[in-house]
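So this one's coords27.cif, mmCIF, C-alpha atoms and all ligand atoms:
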```cif
data_final
#
loop_
_atom_site.label_atom_id
_atom_site.label_comp_id
_atom_site.auth_asym_id
_atom_site.auth_seq_id
_atom_site.Cartn_x
_atom_site.Cartn_y
_atom_site.Cartn_z
CA MET A 1 5.56 -16.30 43.12
CA ASN A 2 3.87 -19.15 44.88
CA TYR A 3 0.17 -18.87 44.06
CA THR A 4 -1.09 -21.65 46.32
CA ARG A 5 -2.20 -19.34 49.11
CA PHE A 6 -4.31 -17.30 46.67
CA ILE A 7 -6.32 -20.28 45.45
CA ASN A 8 -8.80 -21.65 47.98
CA ALA A 9 -9.78 -25.32 48.14
CA ARG A 10 -12.95 -24.77 46.11
CA SER A 11 -11.06 -23.09 43.31
CA ALA A 12 -8.20 -25.61 43.44
CA SER A 13 -10.68 -28.44 42.94
CA ARG A 14 -12.00 -27.01 39.65
CA LYS A 15 -11.14 -29.17 36.66
CA HIS A 16 -11.58 -28.71 32.94
CA SER A 17 -14.63 -30.44 31.61
CA ALA A 18 -13.39 -32.99 29.08
CA ILE A 19 -16.45 -32.29 26.94
CA ARG A 20 -15.72 -28.52 26.92
CA LEU A 21 -12.13 -29.23 25.96
CA MET A 22 -13.30 -31.40 23.09
CA ALA A 23 -15.79 -28.75 21.98
CA GLU A 24 -12.98 -26.17 21.98
CA LEU A 25 -10.77 -28.53 19.93
CA LEU A 26 -13.58 -28.89 17.44
CA LEU A 27 -13.76 -25.10 17.03
CA LYS A 28 -10.15 -25.22 15.81
CA ALA A 29 -10.58 -28.38 13.67
CA PRO A 30 -10.46 -28.18 9.84
CA LYS A 31 -13.76 -28.03 7.95
CA SER A 32 -13.19 -31.63 6.77
CA ALA A 33 -13.44 -32.96 10.36
CA ILE A 34 -16.57 -35.02 11.16
CA SER A 35 -18.09 -34.46 14.57
CA LEU A 36 -20.76 -36.62 16.07
CA GLU A 37 -19.87 -35.70 19.62
CA THR A 38 -20.91 -32.11 20.06
CA GLY A 39 -23.86 -30.92 22.06
CA ALA A 40 -23.89 -27.60 20.19
CA PRO A 41 -27.23 -26.85 18.54
CA ASN A 42 -27.53 -26.77 14.75
CA PRO A 43 -27.17 -23.12 13.67
CA ASN A 44 -29.50 -23.70 10.72
CA THR A 45 -32.31 -23.73 13.28
CA PHE A 46 -31.51 -20.27 14.63
CA PRO A 47 -34.07 -17.58 13.77
CA PHE A 48 -31.53 -14.82 13.01
CA LYS A 49 -29.84 -14.89 9.62
CA SER A 50 -27.79 -11.72 9.19
CA ALA A 51 -27.38 -8.20 10.51
CA VAL A 52 -25.87 -4.87 9.59
CA ILE A 53 -25.01 -2.69 12.57
CA THR A 54 -24.35 0.98 11.98
CA THR A 55 -21.82 2.74 14.20
CA GLU A 56 -22.02 6.27 15.47
CA ASN A 57 -19.79 7.58 12.65
CA GLY A 58 -21.86 5.90 9.94
CA GLU A 59 -19.61 2.88 9.34
CA THR A 60 -21.18 -0.56 9.29
CA ILE A 61 -20.39 -3.93 10.83
CA GLN A 62 -21.72 -6.74 8.69
CA PHE A 63 -22.84 -10.05 10.13
CA ASN A 64 -23.28 -12.23 7.05
CA GLU A 65 -24.88 -15.66 7.42
CA ASP A 66 -21.64 -17.42 8.38
CA LEU A 67 -20.62 -14.83 10.92
CA MET A 68 -24.12 -14.79 12.34
CA LYS A 69 -24.00 -18.56 12.85
CA LYS A 70 -20.71 -18.14 14.71
CA ALA A 71 -22.08 -15.22 16.77
CA LEU A 72 -25.03 -17.29 17.94
CA GLN A 73 -23.08 -20.44 18.80
CA TYR A 74 -21.27 -21.53 21.96
CA SER A 75 -17.64 -20.39 22.14
CA GLN A 76 -14.45 -20.64 24.20
CA SER A 77 -14.68 -20.00 27.96
CA ALA A 78 -11.62 -17.73 28.02
CA GLY A 79 -13.08 -15.54 25.30
CA LEU A 80 -13.12 -15.44 21.50
CA PRO A 81 -9.54 -15.91 20.26
CA GLU A 82 -9.68 -12.96 17.83
CA LEU A 83 -10.88 -10.65 20.60
CA LEU A 84 -8.24 -11.99 23.02
CA ILE A 85 -5.50 -11.28 20.46
CA TRP A 86 -6.68 -7.69 20.10
CA LEU A 87 -6.95 -7.21 23.86
CA LYS A 88 -3.50 -8.66 24.44
CA GLN A 89 -1.98 -6.18 22.00
CA LEU A 90 -3.86 -3.36 23.72
CA GLN A 91 -2.59 -4.37 27.15
CA ILE A 92 0.96 -4.65 25.86
CA LYS A 93 0.75 -1.20 24.28
CA LEU A 94 -0.83 0.46 27.31
CA HIS A 95 0.86 -1.31 30.20
CA ASP A 96 3.86 -3.18 28.81
CA PRO A 97 3.44 -5.82 31.56
CA PRO A 98 6.84 -7.12 32.76
CA THR A 99 5.33 -10.62 33.05
CA LEU A 100 4.60 -10.93 29.32
CA HIS A 101 7.33 -13.50 28.67
CA TYR A 102 7.55 -15.16 32.10
CA PRO A 103 7.12 -18.95 32.22
CA PRO A 104 3.38 -19.74 32.64
CA SER A 105 3.74 -21.16 36.16
CA GLN A 106 5.65 -18.07 37.27
CA GLY A 107 2.91 -15.64 36.46
CA GLN A 108 3.03 -15.07 32.72
CA MET A 109 0.50 -12.43 31.74
CA ASP A 110 -2.77 -13.96 30.61
CA ILE A 111 -6.18 -12.53 29.68
CA CYS A 112 -9.74 -13.74 29.78
CA VAL A 113 -12.96 -12.05 28.75
CA THR A 114 -15.67 -11.74 31.40
CA CYS A 115 -19.35 -10.69 31.46
CA GLY A 116 -18.41 -7.16 32.44
CA SER A 117 -15.68 -6.54 35.00
CA GLN A 118 -18.15 -7.32 37.81
CA ASP A 119 -18.28 -10.97 36.75
CA GLY A 120 -14.48 -11.16 36.68
CA LEU A 121 -14.06 -9.49 40.06
CA CYS A 122 -16.68 -11.67 41.70
CA LYS A 123 -14.87 -14.78 40.42
CA VAL A 124 -11.51 -13.44 41.61
CA PHE A 125 -12.90 -12.90 45.11
CA GLU A 126 -14.46 -16.35 45.12
CA MET A 127 -11.17 -17.92 44.00
CA ILE A 128 -9.09 -16.34 46.77
CA ILE A 129 -11.19 -15.88 49.87
CA ASN A 130 -11.83 -18.28 52.71
CA PRO A 131 -14.07 -17.17 55.58
CA GLY A 132 -12.03 -15.16 58.08
CA ASP A 133 -9.33 -14.10 55.58
CA ASN A 134 -8.01 -10.59 55.96
CA ILE A 135 -8.26 -8.35 52.93
CA LEU A 136 -7.39 -4.69 52.40
CA LEU A 137 -9.37 -1.93 50.74
CA ASN A 138 -10.09 1.75 51.01
CA GLU A 139 -13.54 3.14 51.69
CA PRO A 140 -15.72 4.61 50.33
CA VAL A 141 -15.89 1.77 47.85
CA TYR A 142 -18.03 0.65 44.92
CA PRO A 143 -21.11 -1.14 46.36
CA GLY A 144 -20.76 -3.99 43.81
CA THR A 145 -17.53 -4.89 45.61
CA ILE A 146 -19.15 -4.69 49.05
CA HIS A 147 -21.97 -6.99 47.98
CA ALA A 148 -19.61 -9.45 46.30
CA LEU A 149 -17.30 -9.63 49.33
CA ARG A 150 -19.79 -9.65 52.20
CA PRO A 151 -21.19 -13.17 51.65
CA LEU A 152 -17.63 -14.57 51.54
CA GLY A 153 -17.14 -13.78 55.22
CA CYS A 154 -13.77 -12.10 54.92
CA ASN A 155 -12.42 -9.60 57.39
CA ILE A 156 -12.10 -6.14 55.85
CA LEU A 157 -9.12 -4.03 56.91
CA THR A 158 -9.90 -0.48 55.89
CA VAL A 159 -7.01 1.61 54.62
CA ALA A 160 -7.33 5.38 54.95
CA SER A 161 -7.43 7.46 51.76
CA ASP A 162 -7.60 11.09 50.72
CA GLU A 163 -8.05 12.96 47.43
CA HIS A 164 -5.05 11.06 46.00
CA GLY A 165 -6.40 7.64 46.91
CA ILE A 166 -4.90 5.19 49.41
CA ILE A 167 -2.47 6.71 51.91
CA PRO A 168 0.59 4.40 51.92
CA ASP A 169 1.41 5.25 55.56
CA SER A 170 -2.00 4.00 56.61
CA LEU A 171 -1.35 0.77 54.74
CA LYS A 172 2.05 0.47 56.40
CA GLU A 173 0.49 0.98 59.80
CA ILE A 174 -2.04 -1.81 59.24
CA LEU A 175 0.64 -4.18 57.94
CA ALA A 176 3.03 -3.42 60.81
CA LYS A 177 1.27 -5.97 63.01
CA TRP A 178 2.80 -8.69 60.79
CA LYS A 179 6.36 -9.60 59.86
CA PRO A 180 7.06 -10.11 56.16
CA GLU A 181 7.80 -13.81 56.70
CA ASP A 182 4.34 -14.30 58.28
CA ALA A 183 2.87 -14.63 54.78
CA LYS A 184 4.38 -18.12 54.66
CA ASN A 185 2.44 -19.18 57.75
CA PRO A 186 -1.33 -19.54 57.09
CA GLU A 187 -2.06 -19.23 60.82
CA LYS A 188 -0.83 -15.65 60.78
CA ASN A 189 -3.64 -14.70 58.40
CA THR A 190 -1.72 -11.98 56.58
CA PRO A 191 -3.88 -10.03 54.10
CA LYS A 192 -4.35 -11.86 50.81
CA PHE A 193 -5.02 -8.87 48.64
CA LEU A 194 -5.53 -5.16 48.37
CA TYR A 195 -8.52 -4.15 46.25
CA THR A 196 -8.50 -0.67 44.82
CA ILE A 197 -10.09 1.48 42.13
CA PRO A 198 -7.05 3.47 41.03
CA ASN A 199 -8.73 5.94 38.67
CA GLY A 200 -11.91 7.93 39.15
CA ASN A 201 -12.74 5.92 42.25
CA ASN A 202 -16.44 5.18 42.39
CA PRO A 203 -17.70 7.11 44.37
CA ALA A 204 -14.89 9.47 45.44
CA GLY A 205 -13.70 10.46 41.93
CA THR A 206 -10.07 10.27 43.07
CA SER A 207 -7.01 8.69 41.42
CA LEU A 208 -3.87 7.19 42.91
CA THR A 209 -0.62 8.98 42.13
CA THR A 210 2.40 7.22 40.61
CA ASP A 211 4.50 7.57 43.77
CA ARG A 212 1.79 6.09 45.93
CA LYS A 213 1.32 3.19 43.52
CA LYS A 214 5.05 2.43 43.63
CA GLU A 215 5.06 2.51 47.42
CA ILE A 216 1.97 0.30 47.61
CA TYR A 217 3.46 -2.19 45.14
CA GLU A 218 6.59 -2.47 47.28
CA LEU A 219 4.44 -3.17 50.34
CA ALA A 220 2.63 -5.88 48.38
CA ARG A 221 6.00 -7.46 47.62
CA LYS A 222 7.15 -7.19 51.21
CA TYR A 223 4.04 -8.76 52.73
CA ASP A 224 3.21 -10.97 49.74
CA PHE A 225 -0.31 -9.89 48.90
CA LEU A 226 -2.01 -9.50 45.53
CA ILE A 227 -3.25 -6.20 44.14
CA ILE A 228 -6.66 -6.23 42.50
CA GLU A 229 -6.72 -3.22 40.22
CA ASP A 230 -10.36 -2.53 39.36
CA ASP A 231 -10.04 0.14 36.68
CA PRO A 232 -13.28 0.68 34.70
CA TYR A 233 -12.63 4.44 34.52
CA TYR A 234 -9.10 4.10 33.15
CA PHE A 235 -10.16 5.41 29.74
CA LEU A 236 -12.14 8.25 31.33
CA GLN A 237 -9.20 10.07 32.87
CA PHE A 238 -9.42 13.84 32.56
CA ASN A 239 -5.76 14.73 33.07
CA LYS A 240 -2.68 13.73 31.11
CA PRO A 241 -0.19 12.11 31.38
CA TRP A 242 -1.94 9.08 32.86
CA ALA A 243 -0.22 7.55 35.87
CA PRO A 244 1.29 4.11 35.17
CA THR A 245 -0.91 1.23 36.22
CA PHE A 246 -0.12 -1.45 38.80
CA LEU A 247 -0.06 -3.91 35.92
CA SER A 248 2.79 -1.96 34.34
CA MET A 249 4.82 -2.26 37.58
CA ASP A 250 4.10 -5.92 38.14
CA ILE A 251 7.51 -7.59 38.15
CA ASP A 252 6.27 -10.43 40.39
CA GLY A 253 2.98 -11.41 38.75
CA ARG A 254 0.87 -10.27 41.72
CA VAL A 255 -1.58 -7.91 39.99
CA ILE A 256 -4.99 -8.88 38.68
CA ARG A 257 -6.34 -6.05 36.59
CA ALA A 258 -10.05 -5.72 35.76
CA ASP A 259 -10.90 -3.70 32.65
CA SER A 260 -14.33 -2.88 31.33
CA PHE A 261 -15.86 -1.77 28.05
CA SER A 262 -19.00 -0.67 29.91
CA LYS A 263 -18.12 3.00 30.07
CA VAL A 264 -16.43 3.37 26.68
CA LEU A 265 -18.47 1.04 24.44
CA SER A 266 -21.63 0.15 26.41
CA PRO A 267 -22.58 -1.78 29.54
CA GLY A 268 -25.36 -3.87 28.00
CA LEU A 269 -22.80 -5.77 25.93
CA ARG A 270 -21.43 -7.11 29.25
CA ILE A 271 -17.83 -7.26 28.10
CA GLY A 272 -14.93 -6.83 30.50
CA PHE A 273 -11.58 -8.57 30.75
CA LEU A 274 -9.16 -9.70 33.39
CA THR A 275 -5.40 -9.50 32.95
CA GLY A 276 -3.17 -11.28 35.41
CA PRO A 277 -0.87 -14.20 36.14
CA LYS A 278 -1.73 -17.34 34.18
CA PRO A 279 -2.08 -19.68 37.21
CA LEU A 280 -4.86 -17.41 38.54
CA ILE A 281 -6.55 -16.53 35.24
CA GLU A 282 -6.76 -20.27 34.50
CA ARG A 283 -8.80 -20.74 37.69
CA ILE A 284 -11.19 -17.97 36.64
CA VAL A 285 -11.69 -19.59 33.23
CA LEU A 286 -12.50 -22.90 34.95
CA HIS A 287 -15.12 -21.07 36.99
CA THR A 288 -16.54 -19.54 33.81
CA GLU A 289 -16.79 -23.02 32.26
CA VAL A 290 -19.39 -23.95 34.85
CA SER A 291 -21.13 -20.62 35.40
CA THR A 292 -21.70 -18.42 32.35
CA MET A 293 -19.78 -20.92 30.10
CA HIS A 294 -18.51 -17.84 28.25
CA PRO A 295 -19.50 -14.20 27.78
CA SER A 296 -22.06 -13.74 24.97
CA THR A 297 -20.47 -14.79 21.67
CA PHE A 298 -22.58 -12.20 19.86
CA SER A 299 -21.34 -9.37 22.11
CA GLN A 300 -17.74 -10.52 21.82
CA LEU A 301 -17.91 -10.82 18.06
CA LEU A 302 -19.54 -7.41 17.74
CA VAL A 303 -16.82 -5.83 19.88
CA SER A 304 -14.10 -7.75 18.08
CA GLN A 305 -15.37 -6.71 14.63
CA LEU A 306 -15.60 -3.10 15.81
CA LEU A 307 -12.11 -3.07 17.33
CA HIS A 308 -10.49 -4.75 14.33
CA GLN A 309 -12.26 -2.31 12.04
CA TRP A 310 -11.26 0.69 14.17
CA GLY A 311 -7.73 -0.39 15.00
CA GLU A 312 -6.10 0.97 18.12
CA ASP A 313 -6.28 4.55 16.85
CA GLY A 314 -10.01 4.29 16.29
CA PHE A 315 -10.51 2.87 19.77
CA ARG A 316 -8.42 5.66 21.30
CA ALA A 317 -10.45 8.21 19.34
CA GLN A 318 -13.64 6.72 20.80
CA THR A 319 -12.28 6.86 24.37
CA GLU A 320 -11.28 10.46 23.83
CA ARG A 321 -14.70 11.33 22.46
CA VAL A 322 -16.34 9.72 25.50
CA THR A 323 -13.94 11.42 27.93
CA LYS A 324 -14.72 14.79 26.35
CA VAL A 325 -18.43 14.24 26.89
CA TYR A 326 -17.95 13.37 30.57
CA ARG A 327 -15.53 16.24 31.12
CA LYS A 328 -18.14 18.66 29.80
CA GLN A 329 -20.77 17.04 31.98
CA MET A 330 -18.45 17.24 34.99
CA ASP A 331 -17.79 20.93 34.34
CA ALA A 332 -21.55 21.54 34.30
CA LEU A 333 -22.05 19.73 37.62
CA LEU A 334 -19.09 21.54 39.18
CA ALA A 335 -20.54 24.87 38.02
CA ALA A 336 -23.87 23.96 39.63
CA ALA A 337 -22.06 22.90 42.82
CA ASP A 338 -20.08 26.15 42.92
CA LYS A 339 -23.22 28.17 42.38
CA TRP A 340 -25.50 26.49 44.91
CA LEU A 341 -23.47 24.42 47.37
CA SER A 342 -20.51 26.72 48.13
CA GLY A 343 -20.35 27.21 51.88
CA LEU A 344 -22.82 24.38 52.45
CA ALA A 345 -20.72 21.48 51.20
CA GLU A 346 -17.24 20.50 50.04
CA TRP A 347 -15.87 18.30 47.27
CA HIS A 348 -12.76 17.54 45.19
CA VAL A 349 -12.69 17.92 41.44
CA PRO A 350 -12.91 14.35 40.05
CA THR A 351 -9.86 13.15 38.11
CA ALA A 352 -11.74 10.52 36.10
CA GLY A 353 -15.06 8.75 35.87
CA MET A 354 -18.56 10.09 36.29
CA PHE A 355 -19.09 10.90 39.95
CA LEU A 356 -18.85 13.84 42.34
CA TRP A 357 -18.49 12.96 46.03
CA VAL A 358 -19.94 15.72 48.17
CA LYS A 359 -19.69 16.24 51.92
CA ILE A 360 -22.39 18.37 53.50
CA LYS A 361 -20.91 20.60 56.14
CA GLY A 362 -22.22 20.57 59.68
CA MET A 363 -24.38 17.51 59.08
CA ASN A 364 -23.43 14.23 60.71
CA ASP A 365 -25.65 12.05 58.55
CA VAL A 366 -27.39 12.88 55.27
CA ARG A 367 -29.55 9.76 54.98
CA LYS A 368 -32.82 11.37 56.11
CA LEU A 369 -32.23 14.49 54.05
CA ILE A 370 -31.62 12.51 50.87
CA GLU A 371 -33.98 9.58 51.29
CA GLU A 372 -36.95 11.47 52.61
CA LYS A 373 -36.76 15.18 51.90
CA ALA A 374 -34.77 15.24 48.64
CA MET A 375 -36.77 12.45 47.04
CA LYS A 376 -40.00 14.33 47.86
CA LYS A 377 -38.56 17.34 46.03
CA GLU A 378 -37.68 15.01 43.13
CA ILE A 379 -33.93 15.27 43.42
CA PHE A 380 -32.16 11.92 43.51
CA VAL A 381 -28.54 11.45 44.68
CA LEU A 382 -27.03 8.46 46.47
CA PRO A 383 -26.46 8.80 50.22
CA GLY A 384 -22.87 7.92 51.15
CA TYR A 385 -23.65 5.00 53.49
CA HIS A 386 -24.09 2.76 50.42
CA PHE A 387 -20.31 2.91 49.92
CA TYR A 388 -19.29 1.57 53.34
CA PHE A 389 -19.32 -1.94 54.78
CA ASP A 390 -20.86 -0.58 57.94
CA SER A 391 -23.87 1.02 56.33
CA SER A 392 -25.38 1.90 59.71
CA ALA A 393 -22.65 4.42 60.56
CA PRO A 394 -23.60 8.10 60.08
CA CYS A 395 -22.24 9.55 56.84
CA PRO A 396 -22.18 13.21 55.74
CA TYR A 397 -21.47 12.38 52.04
CA PHE A 398 -23.57 11.84 48.95
CA ARG A 399 -22.65 10.81 45.42
CA ALA A 400 -23.90 12.81 42.46
CA SER A 401 -23.47 11.34 39.00
CA PHE A 402 -22.81 13.62 36.04
CA SER A 403 -23.31 10.98 33.36
CA LEU A 404 -26.90 11.58 32.32
CA ALA A 405 -28.45 14.83 33.55
CA SER A 406 -28.50 17.98 31.43
CA PRO A 407 -26.73 21.13 32.74
CA GLU A 408 -30.16 22.66 33.42
CA GLN A 409 -31.22 19.61 35.47
CA MET A 410 -27.92 19.70 37.39
CA ASP A 411 -28.43 23.37 38.17
CA MET A 412 -32.00 22.89 39.27
CA GLY A 413 -31.14 19.74 41.24
CA PHE A 414 -28.42 21.40 43.30
CA GLN A 415 -30.58 24.48 43.79
CA ARG A 416 -33.28 22.26 45.35
CA LEU A 417 -30.69 20.41 47.41
CA ALA A 418 -29.16 23.67 48.68
CA GLN A 419 -32.56 24.84 49.84
CA LEU A 420 -33.15 21.57 51.69
CA ILE A 421 -29.73 21.68 53.33
CA ARG A 422 -30.36 25.21 54.54
CA GLU A 423 -33.72 24.19 55.97
CA SER A 424 -32.17 21.19 57.74
CA LEU A 425 -29.14 22.84 59.32
N1 LIG B 501 -16.01 -1.67 39.30
C1 LIG B 501 -16.39 -0.41 39.49
C2 LIG B 501 -15.53 0.47 40.33
C3 LIG B 501 -17.54 0.09 38.90
O1 LIG B 501 -17.88 1.37 39.12
C4 LIG B 501 -18.33 -0.76 38.09
C5 LIG B 501 -19.59 -0.30 37.41
N2 LIG B 501 -20.26 0.73 37.91
C6 LIG B 501 -17.88 -2.08 37.91
C7 LIG B 501 -16.72 -2.49 38.52
C8 LIG B 501 -18.65 -3.06 37.07
O2 LIG B 501 -18.62 -2.72 35.73
P1 LIG B 501 -19.01 -3.71 34.56
O3 LIG B 501 -20.17 -3.08 33.86
O4 LIG B 501 -17.81 -3.80 33.70
O5 LIG B 501 -19.37 -5.03 35.16
#
```
I need this file expressed as structure tokens, please.
Ligand code: PMP
Amino acid sequence: MNYTRFINARSASRKHSAIRLMAELLLKAPKSAISLETGAPNPNTFPFKSAVITTENGETIQFNEDLMKKALQYSQSAGLPELLIWLKQLQIKLHDPPTLHYPPSQGQMDICVTCGSQDGLCKVFEMIINPGDNILLNEPVYPGTIHALRPLGCNILTVASDEHGIIPDSLKEILAKWKPEDAKNPEKNTPKFLYTIPNGNNPAGTSLTTDRKKEIYELARKYDFLIIEDDPYYFLQFNKPWAPTFLSMDIDGRVIRADSFSKVLSPGLRIGFLTGPKPLIERIVLHTEVSTMHPSTFSQLLVSQLLHQWGEDGFRAQTERVTKVYRKQMDALLAAADKWLSGLAEWHVPTAGMFLWVKIKGMNDVRKLIEEKAMKKEIFVLPGYHFYFDSSAPCPYFRASFSLASPEQMDMGFQRLAQLIRESL
């Protein structure tokens, strides 16, 4: 792979700060080393001394004085080494990336920790995009992506999708205006990447099938674009076996995968991680050096202690426990939808995640119904226009989340909504 066309001038000009490099060297230096160079504050001045954090199953994570000093200090921009080691093993186990042993310049798999996956994705977009670049994605799409992409001035090519995610024929049709060799000519402006949420798409609740992923990956090879696999709902899949990920198919080193602990550990920790080819992950780490400097050391250490204590089995048990909760919640929302919205609306059963995407029948646009009438009746759902780049276009969909409400609230909420729909038709 030649990565030059995926690194814009701004990203290419990023350089390691010599001071950061020295600070990172110092972190690895023996205790006997004398440092008079660091700008790190003296941990003896920090107000927190120690902590014991109790987990849901009654186990404890101890932060003694030494660990607390480490948790409150600056740390490496790519992420804490002990956490990175654990994450690397996890990725190998789950995805067995073909690029694991490639030479670094040819796309060897690399990982960095980010402040949630949003931070990683935003930096990926900023690394690649120049104004006017073509990029591919399927709508409806997560609004965080819309708001990260819009200011970059790229040209969005919308790929059609259905209940199984992106339709490869639609992608083929869009790409047919180029020849494969056009990717070598910047003037041809061939798409630089395809962004997709392969599992439990937020908002549509859909997942891409294995066959479609394979076909899409082959198209990425043919037209030389990257695949950005934004997969925060990977661990919240309701059906087994799980489809293989794009990362697991990545023989070229053209996939950047964004993972998140927000849904399976907690979002306030702000811990996500990017897995992808080293030449690109390096650029992201350089960006981190000058933006957040690194994700919170305390959060990373807490997660690292937890994961090392749990081991992979413990982590899997946690993801299964969480998935069970959301499955039960989903069943309750589906029961409420069946009871009150049958005949008035249509939806697909979500395959992962925490959202139901509902289309109201016979209504061109639901904005007024939801933003004026439903809110007055104290039922809050998100009108579908939030999930499209052209938010002014009429949209008959809304997104209902099943993460927080009780079954009784879901039932009452859809009962109120059904009444409003009937009155509005
Ligand atoms: N991508 C998608 C599809 C999401 O739904 C979200 C969160 N709602 C994110 C990314 C960002 O998650 P994080 O908390 O890891 O930044």
Within 12 Å of stretch 179-182 of chain A, counting only C-alpha atoms, which residues show up once you throw out same-chain ones fewer than 4 positions away? Write them as a ChimeraX atom specification, please. /A:172,174-175,186-192,218-225
Which residues are near A:Leu136? Cut-off 12 Å, all atoms listed in the file, ignore same chain within fewer than 2 positions. Put them as an MDAnalysis selection string. chainID A and resid 133:134 138:139 141 149 154:160 166 170:172 174:175 190:196 216 220 225:228
Suppose we keep C-alpha atoms; can you now write the selection as a PDB file, keeping the file's coordinate frame?
```pdb
ATOM      1  CA  ASP A 133      -9.330 -14.100  55.580  1.00  0.00           C
ATOM      2  CA  ASN A 134      -8.010 -10.590  55.960  1.00  0.00           C
ATOM      3  CA  ASN A 138     -10.090   1.750  51.010  1.00  0.00           C
ATOM      4  CA  GLU A 139     -13.540   3.140  51.690  1.00  0.00           C
ATOM      5  CA  VAL A 141     -15.890   1.770  47.850  1.00  0.00           C
ATOM      6  CA  LEU A 149     -17.300  -9.630  49.330  1.00  0.00           C
ATOM      7  CA  CYS A 154     -13.770 -12.100  54.920  1.00  0.00           C
ATOM      8  CA  ASN A 155     -12.420  -9.600  57.390  1.00  0.00           C
ATOM      9  CA  ILE A 156     -12.100  -6.140  55.850  1.00  0.00           C
ATOM     10  CA  LEU A 157      -9.120  -4.030  56.910  1.00  0.00           C
ATOM     11  CA  THR A 158      -9.900  -0.480  55.890  1.00  0.00           C
ATOM     12  CA  VAL A 159      -7.010   1.610  54.620  1.00  0.00           C
ATOM     13  CA  ALA A 160      -7.330   5.380  54.950  1.00  0.00           C
ATOM     14  CA  ILE A 166      -4.900   5.190  49.410  1.00  0.00           C
ATOM     15  CA  SER A 170      -2.000   4.000  56.610  1.00  0.00           C
ATOM     16  CA  LEU A 171      -1.350   0.770  54.740  1.00  0.00           C
ATOM     17  CA  LYS A 172       2.050   0.470  56.400  1.00  0.00           C
ATOM     18  CA  ILE A 174      -2.040  -1.810  59.240  1.00  0.00           C
ATOM     19  CA  LEU A 175       0.640  -4.180  57.940  1.00  0.00           C
ATOM     20  CA  THR A 190      -1.720 -11.980  56.580  1.00  0.00           C
ATOM     21  CA  PRO A 191      -3.880 -10.030  54.100  1.00  0.00           C
ATOM     22  CA  LYS A 192      -4.350 -11.860  50.810  1.00  0.00           C
ATOM     23  CA  PHE A 193      -5.020  -8.870  48.640  1.00  0.00           C
ATOM     24  CA  LEU A 194      -5.530  -5.160  48.370  1.00  0.00           C
ATOM     25  CA  TYR A 195      -8.520  -4.150  46.250  1.00  0.00           C
ATOM     26  CA  THR A 196      -8.500  -0.670  44.820  1.00  0.00           C
ATOM     27  CA  ILE A 216       1.970   0.300  47.610  1.00  0.00           C
ATOM     28  CA  ALA A 220       2.630  -5.880  48.380  1.00  0.00           C
ATOM     29  CA  PHE A 225      -0.310  -9.890  48.900  1.00  0.00           C
ATOM     30  CA  LEU A 226      -2.010  -9.500  45.530  1.00  0.00           C
ATOM     31  CA  ILE A 227      -3.250  -6.200  44.140  1.00  0.00           C
ATOM     32  CA  ILE A 228      -6.660  -6.230  42.500  1.00  0.00           C
TER      33      ILE A 228
END
```
Which residues of chain A sit at most 10 Å from ligand LIG 501 (chain B), using all atoms listed in the file? Give each one's shortest atom pair and distance in Å (one decimal place), in chain and ascending residue order, as a Markdown table.
```
| residue | atom | partner | partner_atom | distance |
| --- | --- | --- | --- | --- |
| A:Thr114 | CA | B:LIG501 | O5 | 8.5 |
| A:Cys115 | CA | B:LIG501 | O5 | 6.8 |
| A:Gly116 | CA | B:LIG501 | O5 | 3.6 |
| A:Ser117 | CA | B:LIG501 | O4 | 3.7 |
| A:Gln118 | CA | B:LIG501 | O5 | 3.7 |
| A:Asp119 | CA | B:LIG501 | O5 | 6.2 |
| A:Gly120 | CA | B:LIG501 | O5 | 8.0 |
| A:Leu121 | CA | B:LIG501 | C7 | 7.6 |
| A:Cys122 | CA | B:LIG501 | O5 | 9.7 |
| A:Val141 | CA | B:LIG501 | C2 | 7.6 |
| A:Tyr142 | CA | B:LIG501 | C2 | 5.2 |
| A:Pro143 | CA | B:LIG501 | O1 | 8.3 |
| A:Gly144 | CA | B:LIG501 | C7 | 6.8 |
| A:Thr145 | CA | B:LIG501 | N1 | 7.2 |
| A:Thr196 | CA | B:LIG501 | C2 | 8.4 |
| A:Ile197 | CA | B:LIG501 | C2 | 5.8 |
| A:Pro198 | CA | B:LIG501 | C2 | 9.0 |
| A:Asn199 | CA | B:LIG501 | C2 | 8.9 |
| A:Gly200 | CA | B:LIG501 | C2 | 8.4 |
| A:Asn201 | CA | B:LIG501 | C2 | 6.4 |
| A:Asn202 | CA | B:LIG501 | C2 | 5.2 |
| A:Pro203 | CA | B:LIG501 | O1 | 7.8 |
| A:Glu229 | CA | B:LIG501 | N1 | 9.5 |
| A:Asp230 | CA | B:LIG501 | N1 | 5.7 |
| A:Asp231 | CA | B:LIG501 | C2 | 6.6 |
| A:Pro232 | CA | B:LIG501 | C1 | 5.8 |
| A:Tyr233 | CA | B:LIG501 | C2 | 7.6 |
| A:Ala258 | CA | B:LIG501 | C7 | 7.9 |
| A:Asp259 | CA | B:LIG501 | O4 | 7.0 |
| A:Ser260 | CA | B:LIG501 | O4 | 4.3 |
| A:Phe261 | CA | B:LIG501 | O4 | 6.3 |
| A:Ser262 | CA | B:LIG501 | O3 | 4.8 |
| A:Lys263 | CA | B:LIG501 | O3 | 7.5 |
| A:Ser266 | CA | B:LIG501 | O3 | 8.3 |
| A:Pro267 | CA | B:LIG501 | O3 | 5.1 |
| A:Gly268 | CA | B:LIG501 | O3 | 7.9 |
| A:Leu269 | CA | B:LIG501 | O3 | 8.8 |
| A:Arg270 | CA | B:LIG501 | O3 | 6.3 |
| A:Ile271 | CA | B:LIG501 | O4 | 6.6 |
| A:Gly272 | CA | B:LIG501 | O4 | 5.3 |
| A:Phe273 | CA | B:LIG501 | O4 | 8.4 |
| A:Gly353 | CA | B:LIG501 | O1 | 8.5 |
| A:Met354 | CA | B:LIG501 | O1 | 9.2 |
| A:Phe355 | CA | B:LIG501 | O1 | 9.6 |
```
